[in-house]
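J.: My structure is in coords-v5.txt, and what it holds is compact mmCIF, C-alpha atoms:
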# COMPACT_ATOMS: atom_id res chain seq x y z
CA MET A 1 16.59 -7.37 -32.34
CA ALA A 2 13.18 -7.64 -30.64
CA THR A 3 14.59 -9.96 -27.95
CA VAL A 4 17.25 -7.40 -27.00
CA HIS A 5 14.59 -4.71 -26.97
CA ILE A 6 12.22 -6.63 -24.67
CA ASP A 7 15.12 -7.51 -22.35
CA ARG A 8 15.93 -3.82 -21.94
CA LEU A 9 12.32 -2.95 -21.23
CA LEU A 10 12.03 -5.73 -18.64
CA GLU A 11 15.30 -4.66 -17.01
CA ALA A 12 13.99 -1.08 -16.77
CA CYS A 13 10.79 -2.34 -15.13
CA VAL A 14 12.77 -4.35 -12.55
CA LYS A 15 15.34 -1.60 -11.81
CA MET A 16 12.81 1.23 -11.57
CA GLY A 17 10.42 -0.76 -9.37
CA GLY A 18 7.55 -0.79 -11.86
CA SER A 19 4.54 -3.01 -11.24
CA ASP A 20 3.46 -3.27 -14.90
CA LEU A 21 4.87 -2.69 -18.39
CA HIS A 22 2.40 -1.60 -21.09
CA ILE A 23 3.17 -2.27 -24.77
CA VAL A 24 0.72 -0.50 -27.10
CA VAL A 25 0.81 0.83 -30.68
CA GLY A 26 1.15 4.62 -30.95
CA ARG A 27 2.93 5.17 -27.61
CA PRO A 28 6.38 4.40 -26.25
CA PRO A 29 6.51 1.53 -23.72
CA ILE A 30 4.92 2.69 -20.45
CA LEU A 31 5.64 1.66 -16.86
CA ARG A 32 3.23 1.78 -13.94
CA LEU A 33 5.20 3.28 -11.04
CA SER A 34 3.55 3.66 -7.59
CA GLY A 35 0.13 3.50 -9.24
CA GLY A 36 0.81 6.12 -11.96
CA LEU A 37 1.82 5.68 -15.63
CA ARG A 38 5.18 6.88 -16.97
CA ALA A 39 6.39 6.62 -20.58
CA LEU A 40 9.93 5.35 -21.16
CA ASP A 41 12.30 7.41 -23.28
CA THR A 42 12.22 5.18 -26.37
CA LYS A 43 10.60 5.23 -29.81
CA VAL A 44 6.84 5.26 -30.37
CA LEU A 45 5.84 1.67 -31.13
CA GLU A 46 4.56 0.64 -34.56
CA PRO A 47 2.28 -2.40 -35.17
CA GLU A 48 5.26 -4.50 -36.34
CA ASP A 49 7.17 -3.60 -33.12
CA THR A 50 4.46 -4.96 -30.83
CA ILE A 51 4.16 -8.16 -32.91
CA ALA A 52 7.94 -8.73 -32.76
CA LEU A 53 8.01 -8.08 -29.01
CA MET A 54 5.13 -10.51 -28.45
CA LYS A 55 6.75 -13.28 -30.53
CA SER A 56 10.05 -12.90 -28.67
CA ILE A 57 8.53 -14.02 -25.33
CA THR A 58 5.25 -15.87 -26.08
CA PRO A 59 5.19 -19.70 -26.16
CA GLU A 60 3.88 -21.31 -29.36
CA ARG A 61 0.77 -22.63 -27.57
CA ASN A 62 -0.16 -19.10 -26.45
CA GLN A 63 0.50 -17.63 -29.89
CA GLU A 64 -2.01 -20.14 -31.30
CA GLU A 65 -4.55 -19.23 -28.59
CA PHE A 66 -4.06 -15.54 -29.40
CA GLN A 67 -4.74 -16.18 -33.09
CA GLU A 68 -7.90 -18.17 -32.28
CA ARG A 69 -9.34 -16.07 -29.46
CA GLY A 70 -7.77 -12.62 -29.75
CA GLY A 71 -6.06 -12.88 -26.35
CA THR A 72 -3.86 -15.09 -24.18
CA ASP A 73 -2.21 -15.11 -20.73
CA PHE A 74 1.00 -16.74 -19.54
CA ALA A 75 3.95 -16.19 -17.20
CA PHE A 76 7.70 -16.52 -17.71
CA GLY A 77 10.94 -16.17 -15.79
CA PHE A 78 13.34 -13.30 -16.49
CA GLY A 79 16.91 -13.37 -15.18
CA GLU A 80 17.77 -15.01 -11.87
CA ASP A 81 14.90 -13.87 -9.69
CA SER A 82 12.20 -12.08 -11.70
CA ARG A 83 8.97 -13.37 -13.21
CA PHE A 84 6.36 -11.62 -15.34
CA ARG A 85 2.69 -12.41 -15.89
CA VAL A 86 1.70 -11.45 -19.44
CA ALA A 87 -1.66 -10.59 -20.99
CA VAL A 88 -1.68 -10.31 -24.80
CA MET A 89 -4.73 -8.81 -26.53
CA ARG A 90 -5.92 -7.57 -29.90
CA GLN A 91 -7.39 -4.04 -30.08
CA LYS A 92 -8.31 -1.96 -33.14
CA GLY A 93 -6.71 -4.70 -35.23
CA CYS A 94 -3.34 -4.20 -33.50
CA LEU A 95 -1.59 -6.09 -30.70
CA SER A 96 -1.13 -4.85 -27.12
CA MET A 97 0.55 -6.44 -24.11
CA VAL A 98 0.58 -5.86 -20.38
CA LEU A 99 3.42 -7.49 -18.43
CA ARG A 100 3.04 -7.55 -14.64
CA LEU A 101 6.20 -7.93 -12.56
CA ILE A 102 5.73 -10.63 -9.94
CA PRO A 103 7.87 -9.68 -6.92
CA SER A 104 10.72 -12.16 -6.50
CA ARG A 105 10.70 -12.07 -2.70
CA LEU A 106 7.82 -13.48 -0.70
CA LEU A 107 6.83 -10.98 1.98
CA SER A 108 6.10 -11.73 5.63
CA PHE A 109 2.73 -10.99 7.24
CA ASP A 110 4.25 -7.98 9.03
CA GLU A 111 5.72 -6.56 5.82
CA ILE A 112 2.37 -6.53 4.04
CA GLY A 113 0.49 -5.48 7.18
CA LEU A 114 -1.77 -8.53 7.53
CA PRO A 115 -3.83 -8.85 10.73
CA LYS A 116 -1.91 -10.96 13.26
CA ILE A 117 -4.75 -13.49 13.55
CA CYS A 118 -4.04 -14.62 9.94
CA ALA A 119 -1.13 -16.74 11.22
CA GLY A 120 -3.51 -18.62 13.52
CA LEU A 121 -6.07 -19.09 10.72
CA CYS A 122 -3.37 -20.66 8.50
CA ARG A 123 -3.06 -23.42 11.12
CA ARG A 124 -6.69 -24.44 10.70
CA PRO A 125 -7.17 -28.00 9.40
CA ARG A 126 -10.20 -27.10 7.27
CA GLY A 127 -12.33 -24.23 6.02
CA MET A 128 -12.24 -21.49 3.38
CA PHE A 129 -10.19 -18.27 3.52
CA LEU A 130 -11.05 -15.73 0.79
CA VAL A 131 -8.90 -12.79 -0.33
CA THR A 132 -10.87 -10.28 -2.38
CA GLY A 133 -10.47 -6.94 -4.11
CA PRO A 134 -10.23 -5.39 -7.57
CA THR A 135 -7.60 -6.39 -10.14
CA GLY A 136 -4.15 -5.21 -9.10
CA SER A 137 -4.95 -4.93 -5.39
CA GLY A 138 -2.27 -7.43 -4.32
CA LYS A 139 -4.44 -10.54 -3.79
CA SER A 140 -1.85 -12.88 -5.34
CA THR A 141 0.92 -11.46 -3.14
CA THR A 142 -1.19 -11.91 0.02
CA LEU A 143 -2.05 -15.52 -0.88
CA ALA A 144 1.56 -16.30 -1.77
CA SER A 145 2.63 -15.00 1.67
CA MET A 146 0.08 -17.27 3.37
CA ILE A 147 1.14 -20.32 1.36
CA ASN A 148 4.79 -19.54 2.13
CA TYR A 149 4.00 -19.22 5.87
CA ILE A 150 2.38 -22.68 5.86
CA ASN A 151 5.23 -24.08 3.75
CA GLU A 152 7.86 -22.82 6.20
CA ASN A 153 6.09 -23.78 9.43
CA PHE A 154 3.97 -26.92 8.90
CA ASP A 155 4.27 -30.32 7.24
CA ARG A 156 1.41 -30.11 4.76
CA HIS A 157 0.68 -31.20 1.20
CA ILE A 158 -0.19 -27.96 -0.64
CA ILE A 159 -1.79 -28.03 -4.10
CA THR A 160 -2.16 -24.75 -6.00
CA VAL A 161 -4.30 -24.29 -9.13
CA GLU A 162 -3.41 -21.11 -11.00
CA GLU A 163 -3.77 -19.46 -14.41
CA PRO A 164 -0.92 -18.74 -14.89
CA ILE A 165 1.42 -19.75 -12.02
CA GLU A 166 2.80 -16.52 -10.60
CA TYR A 167 4.90 -17.17 -7.51
CA TYR A 168 7.00 -20.33 -7.58
CA HIS A 169 7.11 -22.12 -4.21
CA LYS A 170 9.99 -24.46 -3.34
CA HIS A 171 9.38 -27.48 -1.11
CA LYS A 172 10.26 -26.47 2.47
CA LYS A 173 8.56 -28.10 5.45
CA SER A 174 5.61 -28.84 3.16
CA ILE A 175 5.28 -30.44 -0.28
CA VAL A 176 4.01 -27.93 -2.86
CA ASN A 177 2.48 -29.08 -6.16
CA GLN A 178 1.57 -26.19 -8.48
CA ARG A 179 -0.77 -26.90 -11.41
CA GLU A 180 -1.28 -24.43 -14.24
CA VAL A 181 -4.68 -24.29 -15.94
CA GLY A 182 -4.25 -24.80 -19.68
CA VAL A 183 -0.87 -26.51 -19.23
CA ASP A 184 -1.23 -29.14 -16.49
CA VAL A 185 -5.02 -29.32 -16.27
CA PRO A 186 -7.88 -28.03 -18.50
CA SER A 187 -9.87 -26.02 -15.91
CA PHE A 188 -10.07 -24.90 -12.27
CA SER A 189 -13.08 -27.11 -11.56
CA GLU A 190 -11.40 -30.19 -13.09
CA ALA A 191 -8.25 -29.54 -11.03
CA LEU A 192 -10.30 -29.25 -7.83
CA LYS A 193 -12.15 -32.52 -8.47
CA ARG A 194 -8.83 -34.30 -9.05
CA ALA A 195 -7.19 -32.60 -6.04
CA LEU A 196 -9.52 -34.31 -3.59
CA ARG A 197 -7.96 -37.66 -4.57
CA GLN A 198 -4.38 -36.37 -4.22
CA ASP A 199 -4.17 -36.31 -0.39
CA PRO A 200 -4.02 -32.50 -0.02
CA ASP A 201 -4.07 -30.60 3.27
CA VAL A 202 -4.15 -27.13 1.69
CA ILE A 203 -5.62 -26.13 -1.69
CA LEU A 204 -5.11 -22.74 -3.34
CA VAL A 205 -7.60 -21.90 -6.10
CA GLY A 206 -6.25 -18.94 -8.09
CA GLU A 207 -9.72 -17.56 -8.79
CA MET A 208 -13.32 -18.66 -8.18
CA ARG A 209 -14.53 -17.44 -11.55
CA ASP A 210 -17.59 -19.64 -12.23
CA LEU A 211 -20.32 -21.58 -10.43
CA GLU A 212 -18.64 -24.96 -10.96
CA THR A 213 -15.38 -23.74 -9.36
CA ILE A 214 -17.19 -22.10 -6.42
CA GLU A 215 -19.12 -25.35 -5.77
CA ALA A 216 -15.94 -27.43 -5.95
CA ALA A 217 -14.05 -25.06 -3.59
CA ILE A 218 -16.84 -25.12 -0.98
CA SER A 219 -17.00 -28.91 -1.27
CA ALA A 220 -13.22 -29.15 -0.74
CA ALA A 221 -13.48 -27.05 2.43
CA GLU A 222 -16.42 -29.12 3.62
CA THR A 223 -14.56 -32.41 3.18
CA GLY A 224 -11.73 -31.41 5.50
CA HIS A 225 -9.26 -29.22 3.58
CA LEU A 226 -8.00 -25.66 4.09
CA VAL A 227 -8.94 -23.78 0.90
CA PHE A 228 -7.63 -20.36 -0.14
CA SER A 229 -9.09 -18.46 -3.09
CA THR A 230 -9.84 -15.01 -4.54
CA LEU A 231 -12.85 -13.09 -5.83
CA HIS A 232 -13.05 -9.71 -7.56
CA THR A 233 -15.37 -8.23 -4.94
CA THR A 234 -15.07 -5.28 -2.55
CA GLY A 235 -15.86 -5.75 1.12
CA CYS A 236 -16.75 -8.82 3.17
CA GLN A 237 -20.52 -8.42 2.92
CA GLY A 238 -20.30 -8.04 -0.88
CA THR A 239 -18.15 -11.17 -1.13
CA ILE A 240 -20.71 -13.36 0.64
CA ASN A 241 -23.57 -11.93 -1.44
CA ARG A 242 -21.60 -12.51 -4.65
CA ILE A 243 -21.05 -16.21 -3.82
CA ILE A 244 -24.69 -16.80 -2.87
CA ASP A 245 -26.00 -14.92 -5.93
CA ALA A 246 -23.91 -17.15 -8.22
CA PHE A 247 -26.23 -20.07 -7.36
CA PRO A 248 -29.78 -20.70 -8.61
CA VAL A 249 -32.44 -19.43 -6.19
CA ASN A 250 -33.47 -22.96 -5.16
CA GLN A 251 -29.90 -23.71 -3.98
CA GLN A 252 -29.19 -20.45 -2.16
CA GLU A 253 -30.49 -21.52 1.24
CA GLN A 254 -28.28 -24.62 1.18
CA ILE A 255 -25.23 -22.53 0.15
CA ARG A 256 -25.86 -20.10 3.03
CA VAL A 257 -25.72 -23.04 5.44
CA GLN A 258 -22.57 -24.42 3.81
CA LEU A 259 -20.86 -21.02 3.85
CA SER A 260 -21.80 -20.39 7.47
CA THR A 261 -20.08 -23.61 8.54
CA ASN A 262 -17.08 -23.58 6.16
CA LEU A 263 -16.05 -19.96 5.63
CA ILE A 264 -13.42 -18.96 8.21
CA ALA A 265 -12.38 -15.46 7.07
CA VAL A 266 -12.61 -12.85 4.32
CA LEU A 267 -9.81 -10.34 3.69
CA SER A 268 -10.78 -7.57 1.27
CA GLN A 269 -7.98 -5.26 0.20
CA ALA A 270 -7.17 -2.15 -1.83
CA LEU A 271 -3.73 -0.80 -2.78
CA CYS A 272 -3.12 2.94 -2.29
CA PRO A 273 -0.12 5.02 -3.49
CA VAL A 274 1.93 6.32 -0.57
CA LYS A 275 1.53 10.09 -0.13
CA THR A 276 5.26 10.80 0.03
CA GLY A 277 7.82 8.80 -1.91
CA LYS A 278 7.61 5.56 -3.86
CA GLY A 279 5.52 2.52 -3.14
CA ARG A 280 1.99 1.59 -2.18
CA VAL A 281 0.29 0.57 1.03
CA ALA A 282 -2.56 -1.93 1.42
CA ALA A 283 -5.83 -1.03 3.14
CA TYR A 284 -7.77 -4.02 4.49
CA GLU A 285 -11.28 -4.98 5.46
CA PHE A 286 -11.07 -8.13 7.54
CA MET A 287 -13.76 -10.45 8.85
CA VAL A 288 -13.37 -13.61 10.93
CA VAL A 289 -16.49 -15.80 10.85
CA THR A 290 -17.61 -15.94 14.48
CA PRO A 291 -20.75 -17.85 15.56
CA ALA A 292 -22.66 -14.53 15.40
CA ILE A 293 -21.53 -13.83 11.81
CA ALA A 294 -22.23 -17.46 10.84
CA ASN A 295 -25.81 -16.94 12.03
CA LEU A 296 -26.14 -13.76 9.94
CA ILE A 297 -24.98 -15.66 6.83
CA ARG A 298 -27.32 -18.59 7.53
CA GLU A 299 -30.32 -16.31 8.20
CA ASN A 300 -29.71 -14.10 5.11
CA LYS A 301 -28.93 -11.01 7.21
CA THR A 302 -25.63 -10.09 5.57
CA TYR A 303 -26.59 -6.38 5.78
CA ARG A 304 -25.73 -6.62 9.51
CA ILE A 305 -22.23 -7.99 8.92
CA GLU A 306 -20.53 -4.56 8.96
CA SER A 307 -21.78 -3.80 12.47
CA SER A 308 -20.51 -7.23 13.60
CA ILE A 309 -17.09 -6.43 12.12
CA GLN A 310 -17.03 -3.18 14.10
CA THR A 311 -17.65 -5.06 17.35
CA GLY A 312 -15.02 -7.71 16.52
CA LYS A 313 -11.92 -5.51 16.81
CA LYS A 314 -10.37 -7.73 19.48
CA LEU A 315 -10.12 -10.47 16.82
CA GLY A 316 -8.39 -8.05 14.45
CA MET A 317 -11.56 -7.33 12.45
CA GLN A 318 -11.88 -3.94 10.77
CA LEU A 319 -13.88 -2.15 8.08
CA LEU A 320 -12.13 -0.88 4.96
CA ASP A 321 -13.14 2.74 5.57
CA ASP A 322 -11.78 2.61 9.12
CA HIS A 323 -8.40 1.39 7.88
CA LEU A 324 -8.36 4.00 5.09
CA TRP A 325 -9.04 6.68 7.72
CA ASP A 326 -6.19 5.40 9.90
CA LEU A 327 -3.80 5.54 6.90
CA TYR A 328 -4.99 9.07 6.04
CA ALA A 329 -4.79 10.30 9.63
CA ALA A 330 -1.23 8.93 9.87
CA GLY A 331 -0.26 10.93 6.76
CA LYS A 332 0.41 7.82 4.68
CA ILE A 333 -2.19 8.41 1.95
CA ALA A 334 -3.75 11.52 0.44
CA LEU A 335 -7.35 12.62 1.04
CA ASP A 336 -8.37 11.97 -2.60
CA GLU A 337 -6.93 8.45 -2.43
CA MET A 338 -8.86 7.68 0.76
CA LEU A 339 -12.10 8.92 -0.79
CA ASP A 340 -11.52 7.09 -4.10
CA LYS A 341 -11.03 3.71 -2.38
CA SER A 342 -13.69 4.08 0.33
CA LYS A 343 -17.16 2.52 0.33
CA ASN A 344 -18.74 5.61 1.92
CA PRO A 345 -16.72 8.62 0.70
CA ASP A 346 -19.24 11.24 1.88
CA ALA A 347 -18.91 10.14 5.51
CA LEU A 348 -15.12 10.16 5.31
CA ARG A 349 -15.11 13.58 3.62
CA ASP A 350 -17.25 14.99 6.44
CA LYS A 351 -14.94 13.38 9.00
CA ALA A 352 -11.87 14.86 7.27
CA GLU A 353 -13.46 18.33 7.11
CA GLY A 354 -14.41 18.07 10.78
CA LYS A 355 -10.81 17.17 11.63
CA THR A 356 -9.50 20.16 9.67
CA THR A 357 -12.03 22.47 11.35
CA ARG A 358 -11.15 21.14 14.82
CA THR A 359 -7.43 21.57 14.16
CA ALA A 360 -7.94 25.16 12.97
CA ARG A 361 -10.17 25.94 15.97
CA ARG A 362 -7.62 24.45 18.36
CA ASP A 363 -4.83 26.49 16.80
CA ASN A 364 -6.95 29.65 17.12
CA ASP A 365 -7.79 28.83 20.74
CA MET A 366 -4.13 28.29 21.52
CA GLY A 367 -3.31 31.65 19.94
CA GLY A 368 -6.08 33.31 21.95
CA ASP A 369 -4.89 31.72 25.20
CA MET A 370 -1.36 32.94 24.56
CA ASN A 371 -2.59 36.51 23.93
CA ASP A 372 -4.72 36.43 27.09
CA SER A 373 -1.81 35.23 29.20
CA GLU A 374 0.44 37.90 27.76
CA GLY A 375 -2.15 40.53 28.69
CA GLN A 376 -2.28 39.23 32.27
CA VAL A 377 1.52 39.28 32.66
CA SER A 378 1.74 42.89 31.53
Could I get this structure in the form of structure tokens?

T.:
Amino acid sequence: MATVHIDRLLEACVKMGGSDLHIVVGRPPILRLSGGLRALDTKVLEPEDTIALMKSITPERNQEEFQERGGTDFAFGFGEDSRFRVAVMRQKGCLSMVLRLIPSRLLSFDEIGLPKICAGLCRRPRGMFLVTGPTGSGKSTTLASMINYINENFDRHIITVEEPIEYYHKHKKSIVNQREVGVDVPSFSEALKRALRQDPDVILVGEMRDLETIEAAISAAETGHLVFSTLHTTGCQGTINRIIDAFPVNQQEQIRVQLSTNLIAVLSQALCPVKTGKGRVAAYEFMVVTPAIANLIRENKTYRIESSIQTGKKLGMQLLDDHLWDLYAAGKIALDEMLDKSKNPDALRDKAEGKTTRTARRDNDMGGDMNDSEGQVS
């Protein structure tokens, strides 16, 4: 019975275009649609319902991990084209689940609005490309698009290390080996150490979550590989500071030098609900590491990075707040959404109020001009 029930819930998520399905005691199943939460028209779930739903889709290994640790994560295929990433947790003695729908179709750079220079950066033979942002900001989708672009256009050996594997990549022009932490290899850092002996050209690290993994990823970039990874940071300057601060003080100068020579770009993103209709749009902060920015990293002057991004527009660089403003000015996102996602909301609020005032003044002036002209004609 539970299997039929979960199938119907998953079908509803796919058909309605939900990004997540929430299973929690005391509420009906809830979908996240265009950033908001919407309850499905079914029964309120009891503790035994959530347990049955969990058991109907969770592998034995993950059920054991849940019993031992109070939580587990995994992914599974549903139907022909859909996949879900699942997080199971215990709360207030009951069981909850969040199932994230992984889009079945890999998007092109144009479809997700990536800066055009990203295609050129994916050709690089070595270096580190970081995609950052909060949970649910589309980092995995962006990385999957980049891996797919390389896979379709170049003959490379690509190794991905993920927990869990989200997007499945078929061999195209490249060979793609995807390793799942906890299934194929015990940890990210272990997988990275092994990867260096496996003749890779491109390495994707699902998340740089600890010092050992960060060290291994930088080392992989330094030894002649193109490394992609993610961090839960906002903004390019914050990303660099976060990496450096992860190291003991006596190693930080060395890491600054390594980063300055190996980091090639940082893409920081936020997902915003579209003002009219369904869907969400990504706002980006984008930094390409030029010689000038490399010097700022090396000399511990990251506070000057934002001004360097502003002067690097010809390379496609932009600040997050500038992109949010462009989306707002084009009518794509609401004022509140722009302010919520911005790094300096007060400045954007003043800019928005100034725009409103100027528009009103212009309309008044146009009305006055029309009245004056009418007076002259008569």

J.: Measuring atom to atom with all atoms listed in the file, identify which of A:Ala220, A:Ile305, A:Met128, A:Leu114 is nearest to Tyr284 (chain A).

T.: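 That would be A:Leu114, the residue with the smallest distance to Tyr284 (chain A).
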
J.: For a test of reading the model, state the distance in Å between CA of Met146 (chain A) and CA of Val257 (chain A), rounded to one decimal.

T.: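 A separation of 26.5 Å between them.
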
J.: List the neighbours of Leu45 (chain A) out to 9 Å using all atoms listed in the file; skip same-chain residues closer than 3 positions along the sequence, and give me the result as a PyMOL selection string.

T.: chain A and resi 23-29+42+48-50

J.: What's the separation between CA of Lys275 (chain A) and CA of Gly331 (chain A), in Å to one decimal place?

T.: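 For CA of Lys275 (chain A) relative to CA of Gly331 (chain A), the distance reads 7.2 Å.
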
J.: Please compute the CA of Ala52 (chain A)-CA of Leu33 (chain A) distance, one decimal, in Å.

T.: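 Between CA of Ala52 (chain A) and CA of Leu33 (chain A) the gap works out to 25.0 Å.
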
J.: If you count all atoms listed in the file, which residues fall within 9 Å of Ile147 (chain A), apart from same-chain ones fewer than 5 positions away, as a JSON list (two decimals) with C-alpha atoms, in the coordinates of the input?

T.:
[["chain", "number", "residue", "atom", "x", "y", "z"],
["A", 122, "CYS", "CA", -3.37, -20.66, 8.50],
["A", 142, "THR", "CA", -1.19, -11.91, 0.02],
["A", 152, "GLU", "CA", 7.86, -22.82, 6.20],
["A", 158, "ILE", "CA", -0.19, -27.96, -0.64],
["A", 169, "HIS", "CA", 7.11, -22.12, -4.21],
["A", 202, "VAL", "CA", -4.15, -27.13, 1.69],
["A", 204, "LEU", "CA", -5.11, -22.74, -3.34],
["A", 228, "PHE", "CA", -7.63, -20.36, -0.14]]

J.: Find, counting all atoms listed in the file, the residue in A:Ile6, A:Arg209, A:His22, A:Gly316 that gets nearest to Lys55 (chain A).

T.: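 Distance minimum relative to Lys55 (chain A) lands on A:Ile6.
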
J.: For Pro59 (chain A), work out the shell of residues within 12 Å, counting only C-alpha atoms and skipping chain neighbours fewer than 6 positions away, then give it as a PyMOL selection string.

T.: chain A and resi 65-66+72-76+86+88+183

J.: Hey, which of A:Leu226, A:Met97, A:Gln252, A:Gly138 ends up closest to Ile150 (chain A)? Count all atoms listed in the file.

T.: A:Leu226

J.: Which of these, A:Glu285, A:Asp199, A:Glu306, A:Glu207, has the shortest distance to Ser342 (chain A) once you count only C-alpha atoms?

T.: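 Of A:Glu285, A:Asp199, A:Glu306, A:Glu207, the one nearest Ser342 (chain A) is A:Glu285, counting only C-alpha atoms.
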
J.: Counting only C-alpha atoms, figure out which residue out of A:Asp184, A:Asp155, A:Glu222, A:Glu11 gets nearest to Lys172 (chain A).

T.: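 That would be A:Asp155, the residue with the smallest distance to Lys172 (chain A).
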
J.: Please provide as a short mmCIF file (atom, residue, chain, number, x, y, z; two decimals) with C-alpha atoms, in the coordinates of the input all residues within 12 Å of Pro345 (chain A), with the sequence filter that same-chain residues fewer than 4 positions apart are discarded (counting only C-alpha atoms).

T.:
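So out-v7.cif came out as:
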data_model
loop_
_atom_site.label_atom_id
_atom_site.label_comp_id
_atom_site.auth_asym_id
_atom_site.auth_seq_id
_atom_site.Cartn_x
_atom_site.Cartn_y
_atom_site.Cartn_z
CA LEU A 320 -12.13 -0.88 4.96
CA ASP A 321 -13.14 2.74 5.57
CA ASP A 322 -11.78 2.61 9.12
CA LEU A 324 -8.36 4.00 5.09
CA TRP A 325 -9.04 6.68 7.72
CA LEU A 335 -7.35 12.62 1.04
CA ASP A 336 -8.37 11.97 -2.60
CA GLU A 337 -6.93 8.45 -2.43
CA MET A 338 -8.86 7.68 0.76
CA LEU A 339 -12.10 8.92 -0.79
CA ASP A 340 -11.52 7.09 -4.10
CA LYS A 341 -11.03 3.71 -2.38
CA ARG A 349 -15.11 13.58 3.62
CA ASP A 350 -17.25 14.99 6.44
CA LYS A 351 -14.94 13.38 9.00
CA ALA A 352 -11.87 14.86 7.27
#

J.: At most 12 Å from (-21.9, -25.0, 2.5), file frame, all atoms listed in the file: which residues, as a ChimeraX atom specification?

T.: /A:127-128,214-223,240,243-244,247,251-264,294,297-298

J.: Give me, as a list in words, all polymer residues having an atom no more than 12 Å from Glu80 (chain A), counting only C-alpha atoms and skipping those fewer than 2 positions away in the same chain.

T.: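 Final neighbour list, sorted by chain and number: Glu11, Val14, Phe76, Gly77, Phe78, Ser82, Arg83, Ser104 and Arg105 of chain A.
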
J.: From the block you just saw, export region 6-51 of chain A: C-alpha atoms, as a PDB file, in the first residue's frame.

T.:
ATOM      1  CA  ILE A   6       4.729   7.012  -2.631  1.00  0.00           C
ATOM      2  CA  ASP A   7       4.437   6.427  -6.395  1.00  0.00           C
ATOM      3  CA  ARG A   8       1.428   8.732  -6.540  1.00  0.00           C
ATOM      4  CA  LEU A   9       3.199  11.413  -4.541  1.00  0.00           C
ATOM      5  CA  LEU A  10       6.278  11.213  -6.772  1.00  0.00           C
ATOM      6  CA  GLU A  11       4.116  11.353  -9.898  1.00  0.00           C
ATOM      7  CA  ALA A  12       2.395  14.481  -8.551  1.00  0.00           C
ATOM      8  CA  CYS A  13       5.781  16.097  -7.907  1.00  0.00           C
ATOM      9  CA  VAL A  14       6.952  15.348 -11.467  1.00  0.00           C
ATOM     10  CA  LYS A  15       3.683  16.397 -13.173  1.00  0.00           C
ATOM     11  CA  MET A  16       3.226  19.604 -11.165  1.00  0.00           C
ATOM     12  CA  GLY A  17       6.857  20.680 -11.600  1.00  0.00           C
ATOM     13  CA  GLY A  18       7.725  20.553  -7.899  1.00  0.00           C
ATOM     14  CA  SER A  19      11.339  20.843  -6.805  1.00  0.00           C
ATOM     15  CA  ASP A  20      10.901  19.032  -3.458  1.00  0.00           C
ATOM     16  CA  LEU A  21       8.433  16.727  -1.710  1.00  0.00           C
ATOM     17  CA  HIS A  22       8.186  17.020   2.092  1.00  0.00           C
ATOM     18  CA  ILE A  23       6.930  14.068   4.163  1.00  0.00           C
ATOM     19  CA  VAL A  24       6.303  15.020   7.803  1.00  0.00           C
ATOM     20  CA  VAL A  25       4.045  13.774  10.622  1.00  0.00           C
ATOM     21  CA  GLY A  26       1.007  15.975  11.302  1.00  0.00           C
ATOM     22  CA  ARG A  27       0.702  17.461   7.796  1.00  0.00           C
ATOM     23  CA  PRO A  28      -0.324  16.134   4.393  1.00  0.00           C
ATOM     24  CA  PRO A  29       2.551  15.647   1.917  1.00  0.00           C
ATOM     25  CA  ILE A  30       3.796  19.067   0.777  1.00  0.00           C
ATOM     26  CA  LEU A  31       5.357  20.146  -2.524  1.00  0.00           C
ATOM     27  CA  ARG A  32       7.713  23.057  -3.073  1.00  0.00           C
ATOM     28  CA  LEU A  33       6.465  24.828  -6.207  1.00  0.00           C
ATOM     29  CA  SER A  34       8.366  27.864  -7.591  1.00  0.00           C
ATOM     30  CA  GLY A  35       9.946  28.386  -4.174  1.00  0.00           C
ATOM     31  CA  GLY A  36       6.697  28.223  -2.131  1.00  0.00           C
ATOM     32  CA  LEU A  37       5.152  25.315  -0.181  1.00  0.00           C
ATOM     33  CA  ARG A  38       1.813  23.764  -1.165  1.00  0.00           C
ATOM     34  CA  ALA A  39       0.025  20.913   0.643  1.00  0.00           C
ATOM     35  CA  LEU A  40      -1.366  18.082  -1.479  1.00  0.00           C
ATOM     36  CA  ASP A  41      -5.004  17.107  -1.091  1.00  0.00           C
ATOM     37  CA  THR A  42      -4.409  13.858   0.814  1.00  0.00           C
ATOM     38  CA  LYS A  43      -4.675  12.632   4.409  1.00  0.00           C
ATOM     39  CA  VAL A  44      -2.645  14.085   7.276  1.00  0.00           C
ATOM     40  CA  LEU A  45       0.288  11.724   7.819  1.00  0.00           C
ATOM     41  CA  GLU A  46       0.606   9.631  10.980  1.00  0.00           C
ATOM     42  CA  PRO A  47       3.954   8.317  12.353  1.00  0.00           C
ATOM     43  CA  GLU A  48       3.291   4.854  10.867  1.00  0.00           C
ATOM     44  CA  ASP A  49       2.623   6.444   7.430  1.00  0.00           C
ATOM     45  CA  THR A  50       6.014   8.145   7.263  1.00  0.00           C
ATOM     46  CA  ILE A  51       7.784   4.936   8.391  1.00  0.00           C
TER      47      ILE A  51
END
